[in-house]
Structures are given as C-alpha cells and as structure tokens.
>>> print(open('target35.cif').read())   # mmCIF, C-alpha atoms
data_coords
loop_
_atom_site.label_atom_id
_atom_site.label_comp_id
_atom_site.auth_asym_id
_atom_site.auth_seq_id
_atom_site.Cartn_x
_atom_site.Cartn_y
_atom_site.Cartn_z
CA MET A 1 61.99 -41.88 -32.58
CA PRO A 2 59.56 -44.61 -31.56
CA ARG A 3 60.77 -46.78 -28.73
CA SER A 4 61.53 -50.40 -29.55
CA GLY A 5 59.94 -52.99 -27.33
CA ARG A 6 62.97 -54.41 -25.58
CA GLU A 7 64.33 -51.13 -24.27
CA PRO A 8 63.56 -50.34 -20.63
CA VAL A 9 61.23 -47.42 -19.96
CA CYS A 10 63.92 -45.14 -18.67
CA ALA A 11 67.16 -46.05 -20.40
CA SER A 12 69.34 -43.60 -18.60
CA ALA A 13 68.11 -44.60 -15.15
CA ARG A 14 69.51 -48.06 -15.74
CA ARG A 15 72.68 -46.55 -17.08
CA TYR A 16 73.15 -44.45 -13.99
CA ALA A 17 72.22 -47.25 -11.62
CA ARG A 18 74.86 -49.58 -13.01
CA PRO A 19 78.05 -49.42 -10.93
CA GLN A 20 80.59 -47.36 -12.78
CA ARG A 21 83.64 -49.26 -13.84
CA ARG A 22 85.64 -46.15 -14.40
CA ALA A 23 84.68 -42.61 -13.48
CA THR A 24 84.79 -41.02 -16.90
CA VAL A 25 84.22 -37.33 -17.30
CA PHE A 26 82.39 -37.75 -20.57
CA ASP A 27 81.07 -40.95 -22.07
CA ALA A 28 81.38 -40.51 -25.82
CA ARG A 29 79.27 -43.57 -26.59
CA THR A 30 76.15 -42.49 -24.73
CA GLY A 31 76.86 -38.77 -24.75
CA ASN A 32 76.42 -38.57 -20.99
CA VAL A 33 78.44 -36.32 -18.76
CA ASN A 34 79.48 -37.86 -15.46
CA PRO A 35 76.47 -37.23 -13.20
CA MET A 36 78.59 -36.19 -10.24
CA LEU A 37 80.41 -33.68 -12.39
CA LYS A 38 77.11 -32.44 -13.74
CA ARG A 39 75.82 -31.84 -10.25
CA LEU A 40 79.01 -30.02 -9.35
CA PHE A 41 78.59 -27.73 -12.35
CA ILE A 42 74.98 -27.01 -11.48
CA PHE A 43 75.96 -26.34 -7.88
CA PHE A 44 78.62 -23.84 -8.91
CA THR A 45 76.32 -22.18 -11.41
CA LEU A 46 73.74 -21.67 -8.70
CA ILE A 47 76.40 -20.36 -6.31
CA LEU A 48 77.50 -17.81 -8.89
CA VAL A 49 73.92 -16.72 -9.63
CA ALA A 50 73.28 -16.49 -5.88
CA ALA A 51 76.35 -14.27 -5.54
CA ILE A 52 74.99 -11.88 -8.16
CA PHE A 53 71.56 -11.91 -6.53
CA SER A 54 72.92 -11.27 -3.04
CA ASP A 55 74.85 -8.32 -4.43
CA VAL A 56 71.61 -6.99 -5.91
CA ALA A 57 69.69 -7.53 -2.68
CA LEU A 58 72.36 -6.02 -0.42
CA ASN A 59 72.84 -2.91 -2.51
CA TYR A 60 69.13 -2.35 -2.99
CA SER A 61 67.69 0.81 -1.56
CA GLU A 62 64.02 1.58 -1.75
CA HIS A 63 62.96 4.45 -3.98
CA THR A 64 61.79 7.48 -2.09
CA GLU A 65 60.23 9.24 -5.07
CA LEU A 66 58.84 8.29 -8.44
CA SER A 67 60.89 8.36 -11.60
CA ARG A 68 60.18 11.27 -13.94
CA LEU A 69 58.18 9.11 -16.32
CA ALA A 70 56.02 7.78 -13.50
CA GLN A 71 55.59 11.29 -12.13
CA HIS A 72 54.28 12.38 -15.48
CA TYR A 73 51.88 9.44 -15.61
CA ALA A 74 50.68 10.11 -12.08
CA SER A 75 50.22 13.86 -12.34
CA LYS A 76 49.14 14.29 -15.97
CA GLY A 77 47.54 10.88 -16.59
CA PRO A 78 44.20 11.58 -14.89
CA GLU A 79 43.72 14.83 -16.81
CA GLU A 80 44.93 13.47 -20.14
CA LEU A 81 43.08 10.17 -20.15
CA GLY A 82 40.50 10.43 -17.39
CA ALA A 83 41.22 7.01 -15.91
CA ALA A 84 41.30 6.74 -12.13
CA ASN A 85 43.42 3.58 -12.23
CA LEU A 86 46.87 4.68 -13.34
CA VAL A 87 47.99 1.13 -14.10
CA THR A 88 45.09 0.85 -16.55
CA SER A 89 46.00 4.12 -18.24
CA VAL A 90 49.56 2.82 -18.68
CA VAL A 91 48.45 -0.61 -19.89
CA VAL A 92 45.66 0.42 -22.25
CA THR A 93 46.75 3.78 -23.59
CA TYR A 94 50.31 4.87 -22.88
CA ARG A 95 51.60 1.41 -23.69
CA GLY A 96 48.59 0.23 -25.62
CA LEU A 97 50.64 -1.21 -28.42
CA ASP A 98 52.39 -3.51 -25.93
CA THR A 99 49.01 -4.72 -24.76
CA LEU A 100 47.91 -5.41 -28.32
CA GLY A 101 51.12 -7.45 -28.70
CA GLU A 102 50.37 -9.22 -25.43
CA VAL A 103 46.89 -10.16 -26.61
CA THR A 104 48.46 -11.42 -29.82
CA VAL A 105 50.95 -13.57 -27.91
CA LEU A 106 48.13 -15.03 -25.86
CA PHE A 107 46.19 -15.75 -29.05
CA ILE A 108 49.20 -17.47 -30.62
CA SER A 109 49.81 -19.58 -27.54
CA ALA A 110 46.13 -20.58 -27.42
CA ALA A 111 46.34 -21.48 -31.10
CA GLY A 112 49.55 -23.45 -30.42
CA VAL A 113 47.91 -25.40 -27.61
CA GLY A 114 44.94 -26.09 -29.88
CA LEU A 115 47.23 -27.31 -32.63
CA MET A 116 49.32 -29.55 -30.41
CA LEU A 117 46.41 -31.06 -28.51
CA ARG A 118 44.12 -31.36 -31.50
CA ARG A 119 41.69 -34.21 -31.45
CA ARG A 120 42.37 -36.85 -33.99
CA LYS A 121 39.20 -38.40 -35.23
CA HIS A 122 39.23 -42.14 -35.05
CA PRO A 123 36.04 -43.95 -35.98
CA ASP A 124 36.65 -47.18 -34.03
CA THR A 125 37.75 -45.68 -30.71
CA VAL A 126 35.13 -44.86 -28.11
CA VAL A 127 35.56 -42.06 -25.63
CA PRO A 128 35.09 -43.63 -22.19
CA ALA A 129 32.24 -42.14 -20.19
CA ARG A 130 33.50 -39.77 -17.53
CA LYS A 131 32.48 -40.20 -13.96
CA PRO A 132 29.83 -37.58 -13.21
CA ALA A 133 30.53 -35.05 -10.48
CA SER A 134 28.65 -35.36 -7.23
CA GLU A 135 25.27 -33.70 -6.79
CA LEU A 136 26.76 -31.15 -4.41
CA VAL A 137 29.39 -29.99 -6.87
CA GLU A 138 26.89 -29.80 -9.68
CA THR A 139 24.31 -27.81 -7.72
CA ALA A 140 26.95 -25.47 -6.33
CA ALA A 141 28.36 -24.94 -9.80
CA ARG A 142 24.90 -24.14 -11.20
CA LEU A 143 24.44 -21.61 -8.41
CA LEU A 144 27.89 -20.05 -8.69
CA MET A 145 28.37 -19.96 -12.46
CA PRO A 146 26.22 -16.87 -13.17
CA MET A 147 27.79 -15.04 -10.25
CA VAL A 148 31.30 -15.87 -11.43
CA PHE A 149 30.47 -14.60 -14.91
CA VAL A 150 28.88 -11.42 -13.59
CA PHE A 151 31.89 -10.82 -11.36
CA GLY A 152 34.22 -11.29 -14.33
CA VAL A 153 32.23 -8.78 -16.37
CA TYR A 154 32.24 -6.39 -13.40
CA VAL A 155 36.02 -6.67 -13.08
CA PHE A 156 36.71 -5.90 -16.72
CA ALA A 157 34.06 -3.20 -17.06
CA ASN A 158 35.47 -1.37 -14.03
CA GLY A 159 39.11 -1.77 -15.02
CA HIS A 160 39.62 1.98 -15.31
CA LEU A 161 38.28 2.64 -11.79
CA THR A 162 39.25 -0.24 -9.54
CA PRO A 163 42.01 -2.86 -9.44
CA GLY A 164 41.32 -5.25 -12.27
CA GLY A 165 40.87 -5.07 -15.99
CA GLY A 166 40.45 -7.10 -19.12
CA PHE A 167 43.00 -9.79 -18.34
CA GLN A 168 41.85 -10.33 -14.78
CA GLY A 169 38.18 -10.34 -15.75
CA GLY A 170 38.88 -12.73 -18.60
CA ALA A 171 40.72 -15.08 -16.24
CA ILE A 172 37.73 -15.01 -13.87
CA ILE A 173 35.37 -15.91 -16.72
CA ALA A 174 37.67 -18.75 -17.76
CA SER A 175 37.73 -20.01 -14.17
CA GLY A 176 33.93 -20.07 -14.34
CA VAL A 177 34.17 -22.21 -17.46
CA LEU A 178 36.63 -24.47 -15.66
CA LEU A 179 34.11 -24.86 -12.83
CA LEU A 180 31.47 -25.79 -15.38
CA LEU A 181 33.73 -28.40 -16.94
CA LEU A 182 34.57 -29.87 -13.52
CA ALA A 183 30.96 -30.06 -12.46
CA MET A 184 29.58 -31.30 -15.77
CA PRO A 185 32.28 -33.40 -17.41
CA GLN A 186 30.09 -34.26 -20.37
CA ALA A 187 29.39 -30.64 -21.20
CA GLN A 188 30.54 -29.60 -24.64
CA LEU A 189 31.69 -26.04 -25.14
CA SER A 190 30.52 -24.42 -28.32
CA HIS A 191 33.74 -23.86 -30.22
CA ARG A 192 31.88 -21.85 -32.80
CA LEU A 193 30.75 -19.39 -30.11
CA ILE A 194 34.22 -19.20 -28.55
CA GLY A 195 35.88 -18.64 -31.91
CA PHE A 196 33.31 -16.05 -32.90
CA THR A 197 33.65 -14.08 -29.64
CA GLU A 198 37.40 -14.20 -29.85
CA SER A 199 37.72 -13.05 -33.44
CA LEU A 200 35.06 -10.38 -33.09
CA SER A 201 36.61 -8.87 -29.95
CA GLY A 202 40.13 -9.02 -31.38
CA PHE A 203 38.95 -7.34 -34.56
CA SER A 204 37.04 -4.66 -32.65
CA TYR A 205 40.09 -3.94 -30.50
CA VAL A 206 42.14 -3.16 -33.59
CA VAL A 207 39.27 -1.13 -35.08
CA VAL A 208 39.09 1.00 -31.91
CA GLY A 209 42.86 1.46 -32.17
CA VAL A 210 42.65 2.58 -35.79
CA LEU A 211 39.77 4.94 -34.94
CA GLY A 212 42.24 6.58 -32.56
CA ILE A 213 44.43 7.53 -35.53
CA VAL A 214 41.46 8.98 -37.40
CA LEU A 215 39.62 10.79 -34.60
CA ALA A 216 42.29 11.49 -31.98
CA GLY A 217 46.03 11.69 -31.47
CA GLY A 218 47.25 8.27 -32.58
CA PHE A 219 46.85 4.52 -32.60
CA LEU A 220 44.89 3.30 -29.54
CA ASP A 221 44.31 6.86 -28.30
CA ASN A 222 41.35 6.64 -25.90
CA ARG A 223 40.09 10.17 -26.55
CA ILE A 224 37.85 9.15 -29.44
CA LEU A 225 34.97 9.36 -26.95
CA PRO A 226 34.34 12.13 -24.42
CA LEU A 227 36.29 11.59 -21.21
CA GLY A 228 33.16 11.93 -19.11
CA SER A 229 33.15 12.78 -15.43
CA PHE A 230 36.24 11.49 -13.67
CA GLY A 231 35.63 8.34 -11.64
CA SER A 232 32.30 7.30 -13.13
CA LEU A 233 31.66 4.11 -15.06
CA PHE A 234 31.28 5.85 -18.41
CA SER A 235 34.49 7.81 -18.35
CA ALA A 236 38.05 7.55 -19.64
CA GLY A 237 37.02 7.54 -23.29
CA ALA A 238 37.61 4.26 -25.05
CA ILE A 239 39.41 2.50 -22.15
CA PRO A 240 36.33 0.62 -20.84
CA ILE A 241 35.42 -0.42 -24.39
CA ILE A 242 38.91 -1.71 -25.07
CA TYR A 243 38.93 -3.55 -21.75
CA VAL A 244 35.57 -5.19 -22.50
CA PHE A 245 37.00 -6.50 -25.77
CA VAL A 246 40.21 -7.63 -24.07
CA GLY A 247 38.16 -9.33 -21.34
CA LEU A 248 35.97 -11.20 -23.82
CA LYS A 249 38.98 -12.20 -25.89
CA VAL A 250 41.07 -13.40 -22.94
CA GLY A 251 38.07 -15.18 -21.42
CA SER A 252 37.29 -17.09 -24.59
CA GLU A 253 40.96 -17.90 -25.28
CA LEU A 254 41.60 -19.24 -21.79
CA SER A 255 38.34 -21.22 -21.90
CA ALA A 256 39.50 -22.79 -25.14
CA VAL A 257 42.87 -23.68 -23.59
CA VAL A 258 41.22 -25.21 -20.52
CA ASP A 259 38.86 -27.18 -22.77
CA ARG A 260 41.74 -28.47 -24.89
CA PHE A 261 43.58 -29.82 -21.89
CA ARG A 262 40.41 -31.45 -20.61
CA SER A 263 39.35 -33.12 -23.82
CA ASP A 264 42.79 -34.52 -24.29
CA GLU A 265 42.72 -36.29 -20.97
CA SER A 266 39.61 -38.31 -21.75
CA LYS A 267 40.74 -39.08 -25.26
CA PRO A 268 41.70 -42.69 -25.95
CA GLU A 269 45.31 -43.39 -26.81
CA LEU A 270 46.00 -43.63 -30.50
CA MET B 1 59.56 -3.90 12.83
CA THR B 2 63.17 -4.14 11.90
CA GLY B 3 64.97 -1.38 10.11
CA LEU B 4 64.79 -3.03 6.70
CA PRO B 5 62.30 -1.46 4.29
CA VAL B 6 59.40 -3.69 3.38
CA SER B 7 60.23 -3.99 -0.30
CA THR B 8 63.58 -5.59 0.60
CA TYR B 9 61.71 -8.64 1.83
CA VAL B 10 59.72 -8.85 -1.39
CA LEU B 11 62.90 -8.46 -3.42
CA SER B 12 64.80 -11.13 -1.47
CA THR B 13 61.88 -13.55 -1.66
CA GLY B 14 61.67 -12.97 -5.40
CA LEU B 15 65.38 -13.59 -5.88
CA ALA B 16 65.19 -16.73 -3.73
CA LEU B 17 62.28 -17.99 -5.83
CA ILE B 18 64.29 -17.41 -9.00
CA LEU B 19 67.17 -19.46 -7.52
CA ILE B 20 64.86 -22.30 -6.47
CA GLY B 21 63.29 -22.30 -9.91
CA LEU B 22 66.69 -22.41 -11.62
CA TRP B 23 67.68 -25.31 -9.41
CA GLY B 24 64.51 -27.10 -10.44
CA LEU B 25 65.11 -26.39 -14.12
CA LEU B 26 68.67 -27.70 -13.98
CA MET B 27 68.36 -30.63 -11.61
CA GLN B 28 64.98 -32.20 -12.22
CA LYS B 29 64.48 -34.97 -14.77
CA ASN B 30 60.70 -34.85 -14.82
CA ILE B 31 59.37 -32.44 -17.42
CA ILE B 32 56.43 -31.36 -15.25
CA ARG B 33 58.82 -30.46 -12.45
CA MET B 34 60.92 -28.47 -14.88
CA ILE B 35 57.80 -26.54 -15.92
CA ILE B 36 57.09 -25.88 -12.24
CA GLY B 37 60.67 -24.61 -11.95
CA PHE B 38 60.03 -22.26 -14.86
CA SER B 39 56.88 -20.97 -13.18
CA LEU B 40 58.85 -20.32 -10.00
CA VAL B 41 61.43 -18.29 -11.94
CA ASP B 42 58.56 -16.41 -13.55
CA THR B 43 56.90 -15.61 -10.22
CA GLY B 44 60.22 -14.61 -8.71
CA ILE B 45 60.84 -12.13 -11.53
CA HIS B 46 57.38 -10.64 -11.01
CA MET B 47 58.08 -10.14 -7.31
CA VAL B 48 61.43 -8.50 -8.05
CA MET B 49 59.79 -6.11 -10.53
CA ILE B 50 57.03 -5.21 -8.08
CA ALA B 51 59.61 -4.61 -5.33
CA ILE B 52 61.61 -2.29 -7.57
CA GLY B 53 58.49 -0.26 -8.34
CA TYR B 54 57.72 0.35 -4.68
CA VAL B 55 58.14 3.85 -3.31
CA THR B 56 58.51 4.33 0.44
CA GLY B 57 55.09 4.88 1.96
CA GLY B 58 53.38 4.66 -1.41
CA THR B 59 49.88 3.36 -2.00
CA ALA B 60 48.10 1.76 -4.95
CA PRO B 61 48.19 3.99 -8.04
CA ILE B 62 44.43 4.58 -8.14
CA ILE B 63 43.02 8.08 -7.83
CA ASP B 64 40.03 8.27 -5.50
CA SER B 65 38.96 10.10 -2.36
CA ALA B 66 41.96 8.73 -0.47
CA VAL B 67 44.50 9.89 -3.06
CA PRO B 68 43.47 13.20 -4.64
CA ILE B 69 44.88 14.10 -8.05
CA LYS B 70 47.15 16.83 -6.75
CA ASP B 71 48.93 14.43 -4.36
CA ALA B 72 49.15 11.60 -6.85
CA ALA B 73 52.75 12.17 -7.89
CA THR B 74 54.02 11.97 -4.31
CA ARG B 75 51.82 9.29 -2.77
CA VAL B 76 51.51 6.40 -5.22
CA VAL B 77 53.89 3.62 -6.20
CA ASP B 78 55.29 3.43 -9.71
CA PRO B 79 52.51 2.24 -12.07
CA VAL B 80 54.90 1.19 -14.84
CA PRO B 81 56.34 -1.98 -13.20
CA SER B 82 52.79 -3.00 -12.23
CA ALA B 83 51.71 -2.69 -15.85
CA LEU B 84 54.76 -4.65 -17.00
CA VAL B 85 54.08 -7.40 -14.47
CA LEU B 86 50.49 -7.58 -15.67
CA THR B 87 51.83 -8.21 -19.16
CA ALA B 88 54.44 -10.66 -17.89
CA ILE B 89 51.88 -12.74 -15.99
CA VAL B 90 49.74 -13.17 -19.10
CA ILE B 91 52.73 -14.04 -21.29
CA GLY B 92 53.97 -16.46 -18.61
CA LEU B 93 50.59 -18.15 -18.60
CA GLY B 94 50.68 -18.54 -22.37
CA VAL B 95 54.20 -19.96 -22.31
CA THR B 96 53.29 -22.39 -19.52
CA ALA B 97 50.24 -23.59 -21.45
CA VAL B 98 52.36 -24.26 -24.55
CA MET B 99 55.01 -26.06 -22.46
CA LEU B 100 52.37 -28.25 -20.83
CA SER B 101 50.93 -29.22 -24.19
CA TYR B 102 54.44 -30.12 -25.33
CA ALA B 103 54.72 -32.28 -22.21
CA VAL B 104 51.44 -33.98 -23.10
CA ASN B 105 52.73 -34.67 -26.61
CA ILE B 106 56.08 -35.99 -25.34
CA TYR B 107 54.27 -38.31 -22.97
CA ARG B 108 52.00 -39.50 -25.75
CA GLU B 109 55.02 -40.21 -27.96
CA LYS B 110 57.38 -41.79 -25.44
CA LYS B 111 55.15 -42.91 -22.55
CA SER B 112 57.58 -41.22 -20.21
CA LEU B 113 58.03 -37.76 -18.75
CA SER B 114 61.74 -38.11 -18.10
CA ILE B 115 63.87 -35.63 -19.99
CA ASP B 116 66.53 -38.35 -20.35
CA ASP B 117 64.29 -40.18 -22.79
CA CYS B 118 64.30 -37.23 -25.15
CA SER B 119 67.76 -38.06 -26.42
CA GLU B 120 67.23 -37.12 -30.09
CA SER B 121 68.01 -33.49 -29.47
CA LYS B 122 71.07 -34.26 -27.38
CA TRP B 123 74.43 -33.41 -28.87
#
>>> encode(input="target35.cif", output="structure tokens")
Amino acid sequence: MPRSGREPVCASARRYARPQRRATVFDARTGNVNPMLKRLFIFFTLILVAAIFSDVALNYSEHTELSRLAQHYASKGPEELGAANLVTSVVVTYRGLDTLGEVTVLFISAAGVGLMLRRRKHPDTVVPARKPASELVETAARLLMPMVFVFGVYVFANGHLTPGGGFQGGAIIASGVLLLLLAMPQAQLSHRLIGFTESLSGFSYVVVGVLGIVLAGGFLDNRILPLGSFGSLFSAGAIPIIYVFVGLKVGSELSAVVDRFRSDESKPEL
Amino acid sequence: MTGLPVSTYVLSTGLALILIGLWGLLMQKNIIRMIIGFSLVDTGIHMVMIAIGYVTGGTAPIIDSAVPIKDAATRVVDPVPSALVLTAIVIGLGVTAVMLSYAVNIYREKKSLSIDDCSESKW
C-alpha cells in the first residue's frame, strides 16, 4: 500500500504517544493491543522460555564418551573414507546428501537476493559517482587480494586434512571480493564469470555424486578414486574434488550476494 | 577452575544468547534490529549444539600425529554436531541475506524500517 502524503512517517508512534483516554485491552479500530499488555505478555513468554532453558542448563551433564554413531565414524571413518578430518568425512560423504541440499539452499537464497534486489534499468537516472577509496586502502587491497584468494583455495583444497573446507574457503574468497569492492567502488564484477563458475561447479558436484552410484557404493560415495596415502593432499578419494567444487560454488554465490547488496546502495531511488 | 565442566559455560552462554535474541525479535520495532535478534538466536543455537557435542577431555576430530587412529574413538569430540553446525551456519547466512534484502525492499516501498508501518499483514 503506497503511503499517502499527509500521513506521518510512523503512524503508530503518534498513536502510542497520544495520551490514552481509556486503557483498552484491544483497540478494534486500529487493531492494536495495549502496549503495556503486550510488554507484559512478552515478559512472561521470556520468563517461561528462560525457565525451560534453566532446566536444560541445570540438568546438563557433559558426555564422557561418544555416542555409538560417532564412535563408528571415529574408528571406522579413516579406514573407510581416508579423510583425516572426521567432520569433513561426515559432511561430504556420510551426510553428503544433506550437504548437497545445503548448497541448494544457499543457491536459492542467492537467487532470491538477486531477484529482490534486481536492478531496474531506467534510462534517465544517473548512478552517482562513488567516492573512491583512499590510496592506502587501494594499495593494501591490491597487495592482499591474491593472498586472500590463495588462502581460500588452500582452505578448501585441504578440507579433508585440516580444519576448513568448501564453505569456509568459499567464504574467504567472497571476503576477498568484498575487499575488492570496498577498495575499488567502481569495479564491476563479471556476472557472466560468476554465473558460469557457479553453474559449472554445481553441475560437477552432482556429476561426481552420480559417478558414485556407477563406480562405488552409492550417491556421493567418495571411493570412485583411490584413497591414496592417509593424510596426504591427494587422498580421501573424491572428497577434495567435491570440496573444490563446493568452495568455488559458495565463493561465487556469496560474491554475487555481496555485489547485489552493494549495487543496490548506489542505485538511485525509483 | 571451578567444578563446572567447560561445556556448561558454552551451553549457558548459548541459551542466554537465544533468550536475548528472542527478546530482540519480540520487542524491537526496527526490522534491522529484529534481524540482529534472529542472528543472535541462530548463534545461540550453534553454541548449544557445539556444547552438546563436547566429550570430557576431547580434542578436535582430526586424525594426525597427536591423535592416532586407534585412539580416535576415545579422544575426539563428537563430529556430528560440528557437521550440523557447519550446515546451520551456511543456512543461517542464506536466511539472513534474504531477510536483509526484504528489509531493503520494505524500506524502498515505505521509506521506513519500523515494523509498525507494515500494517497490511496485520490481522
């Protein structure tokens, strides 16, 4: 509903500020619940939730041994999958389908952001020139950018050996892109490149998963490649390959999201 | 050191963060603050999950020279909650991004970030 000109900016603020003639519980005309009553309800809700939480916290006792599932993952996982990082073996292989779903959710949310913040072309509006970043920021960004990218690639290529993985590495790459956009506000990201990287890596991820059905035990099984020597870079079968694809996909998606939010800010009002 | 196990602190902090976030979601009028409240709830849930996965004296579930394979089942923390939190962080990020773009659109439409001005969906 577009706002008509004579209405104040915040209609309800005025409504609340006006001295109440009669403390009504519910104002049928405006649909407002008495603010004091509302606060009271919220207060009691929080008290009740806090009671549940304190019960949880007081009766909590730390585990002294792993659950049977986790014991299986910890004792059999390294032999079965060859990944030194047990979290990675759970994320990429044992619960690989969840991760595929997670990547899909991230893709949908990136697409949603792109749809909602889409640029509307208007011929007569001019994008105001952005203030350039200072020389220091620009030089530092030029120096740091390659290192940030290399570090991101390192994190996702070593996801099966060290803490890290595709999502973390992708986030690091996207933070590098954010640095670029901060230092060079006029820079234009190539949406064709981002879209291409994203679709290619998403497609390859699914292809690797399907290859698991054909060559190994099931969808997303990592044993389509030899497991290699435990603890080396080229080990754990398909896990590093999957994580490279996940890293590229997450990196390009998050870069696109960051770029959408940026472009929107400088856009003239329509 | 007090007698309380270390994961109790993480658990209590997580639960407190959830409460603060809920308070923010229910009490604040500004949409950005409500999104911050949501992020606090999100972070609190992650901390609770991590605390539940902790095993007394456990270390990171990564097999290397410090944790040989034969000891793995007795010396590491539960890898499953860590994996779930990894998923939850990414999903939380996606949800936050979508919420923020909604906030941008609401501001563009109404020139206000107050939730009170979004009265069309009020019943």
>>> interface_residues(input="target35.cif", of="chain A", to="chain B", cutoff="8 Å", atoms="only C-alpha atoms", output="number ranges by chain")
A: 1-3, 9-12, 31, 39, 42, 46, 49-50, 53, 57, 60-67, 70-72, 74-75, 78, 84-88, 90-91, 99, 102, 105-106, 109-110, 112-113, 116-117, 161-163, 167, 231, 257, 261, 269
>>> atom_distance(input="target35.cif", atom1="atom CA of A:Gly114", atom2="atom CA of A:Arg260")
6.4 Å
>>> closest_residue(input="target35.cif", among="A:Ser54, A:Ser134, A:Ser201, A:Asn158", to="A:Leu233", atoms="all atoms listed in the file")
A:Asn158
>>> atom_distance(input="target35.cif", atom1="atom CA of A:Phe43", atom2="atom CA of B:Leu25")
12.5 Å
>>> resolve_selection(input="target35.cif", expression="the PyMOL selection byres ((chain A and resi 229) around 12)", output="PDB file with C-alpha atoms, in the coordinates of the input")
ATOM      1  CA  PRO A  78      44.200  11.580 -14.890  1.00  0.00           C
ATOM      2  CA  GLU A  79      43.720  14.830 -16.810  1.00  0.00           C
ATOM      3  CA  LEU A  81      43.080  10.170 -20.150  1.00  0.00           C
ATOM      4  CA  GLY A  82      40.500  10.430 -17.390  1.00  0.00           C
ATOM      5  CA  ALA A  83      41.220   7.010 -15.910  1.00  0.00           C
ATOM      6  CA  ALA A  84      41.300   6.740 -12.130  1.00  0.00           C
ATOM      7  CA  LEU A 161      38.280   2.640 -11.790  1.00  0.00           C
ATOM      8  CA  PRO A 226      34.340  12.130 -24.420  1.00  0.00           C
ATOM      9  CA  LEU A 227      36.290  11.590 -21.210  1.00  0.00           C
ATOM     10  CA  GLY A 228      33.160  11.930 -19.110  1.00  0.00           C
ATOM     11  CA  PHE A 230      36.240  11.490 -13.670  1.00  0.00           C
ATOM     12  CA  GLY A 231      35.630   8.340 -11.640  1.00  0.00           C
ATOM     13  CA  SER A 232      32.300   7.300 -13.130  1.00  0.00           C
ATOM     14  CA  LEU A 233      31.660   4.110 -15.060  1.00  0.00           C
ATOM     15  CA  PHE A 234      31.280   5.850 -18.410  1.00  0.00           C
ATOM     16  CA  SER A 235      34.490   7.810 -18.350  1.00  0.00           C
ATOM     17  CA  ALA A 236      38.050   7.550 -19.640  1.00  0.00           C
ATOM     18  CA  GLY A 237      37.020   7.540 -23.290  1.00  0.00           C
TER      19      GLY A 237
END
>>> residues_around(input="target35.cif", residues="A:Val206", least_positions_apart="2", cutoff="12 Å", atoms="all atoms listed in the file", output="PDB file with C-alpha atoms, keeping the file's coordinate frame")
ATOM      1  CA  GLY A  96      48.590   0.230 -25.620  1.00  0.00           C
ATOM      2  CA  LEU A  97      50.640  -1.210 -28.420  1.00  0.00           C
ATOM      3  CA  THR A  99      49.010  -4.720 -24.760  1.00  0.00           C
ATOM      4  CA  LEU A 100      47.910  -5.410 -28.320  1.00  0.00           C
ATOM      5  CA  GLY A 101      51.120  -7.450 -28.700  1.00  0.00           C
ATOM      6  CA  VAL A 103      46.890 -10.160 -26.610  1.00  0.00           C
ATOM      7  CA  THR A 104      48.460 -11.420 -29.820  1.00  0.00           C
ATOM      8  CA  SER A 199      37.720 -13.050 -33.440  1.00  0.00           C
ATOM      9  CA  LEU A 200      35.060 -10.380 -33.090  1.00  0.00           C
ATOM     10  CA  SER A 201      36.610  -8.870 -29.950  1.00  0.00           C
ATOM     11  CA  GLY A 202      40.130  -9.020 -31.380  1.00  0.00           C
ATOM     12  CA  PHE A 203      38.950  -7.340 -34.560  1.00  0.00           C
ATOM     13  CA  SER A 204      37.040  -4.660 -32.650  1.00  0.00           C
ATOM     14  CA  VAL A 208      39.090   1.000 -31.910  1.00  0.00           C
ATOM     15  CA  GLY A 209      42.860   1.460 -32.170  1.00  0.00           C
ATOM     16  CA  VAL A 210      42.650   2.580 -35.790  1.00  0.00           C
ATOM     17  CA  LEU A 211      39.770   4.940 -34.940  1.00  0.00           C
ATOM     18  CA  GLY A 212      42.240   6.580 -32.560  1.00  0.00           C
ATOM     19  CA  ILE A 213      44.430   7.530 -35.530  1.00  0.00           C
ATOM     20  CA  PHE A 219      46.850   4.520 -32.600  1.00  0.00           C
ATOM     21  CA  LEU A 220      44.890   3.300 -29.540  1.00  0.00           C
ATOM     22  CA  ASP A 221      44.310   6.860 -28.300  1.00  0.00           C
ATOM     23  CA  ILE A 241      35.420  -0.420 -24.390  1.00  0.00           C
ATOM     24  CA  ILE A 242      38.910  -1.710 -25.070  1.00  0.00           C
ATOM     25  CA  PHE A 245      37.000  -6.500 -25.770  1.00  0.00           C
ATOM     26  CA  VAL A 246      40.210  -7.630 -24.070  1.00  0.00           C
TER      27      VAL A 246
END
>>> resolve_selection(input="target35.cif", expression="the PyMOL selection byres ((chain A and resi 156) around 12)", output="ChimeraX atom specification")
/A:88,149-155,157-173,233,239-251
>>> atom_distance(input="target35.cif", atom1="atom CA of A:Ile194", atom2="atom CA of A:Val177")
11.5 Å
>>> closest_residue(input="target35.cif", among="A:Pro185, A:Gly176, A:Pro132, A:Gly218", to="A:Ser255", atoms="all atoms listed in the file")
A:Gly176
>>> axis_aligned_box(input="target35.cif", around="stretch 90-93 of chain B", padding_each_side="4 Å", output="AutoDock Vina command-line options")
--center_x 51.9 --center_y -15.7 --center_z -19.9 --size_x 12.2 --size_y 13.0 --size_z 10.7
>>> closest_residue(input="target35.cif", among="B:Val67, B:Leu17, B:Ala103, B:Val10", to="B:Asp42", atoms="all atoms listed in the file")
B:Leu17
>>> closest_residue(input="target35.cif", among="B:Ile50, B:Ile45, B:Val85, B:Ile106", to="B:Asn30", atoms="only C-alpha atoms")
B:Ile106
>>> resolve_selection(input="target35.cif", expression="the PyMOL selection byres ((chain A and resi 135-139) around 9)", output="PyMOL selection string")
chain A and resi 132-134+140-144+180+182-184
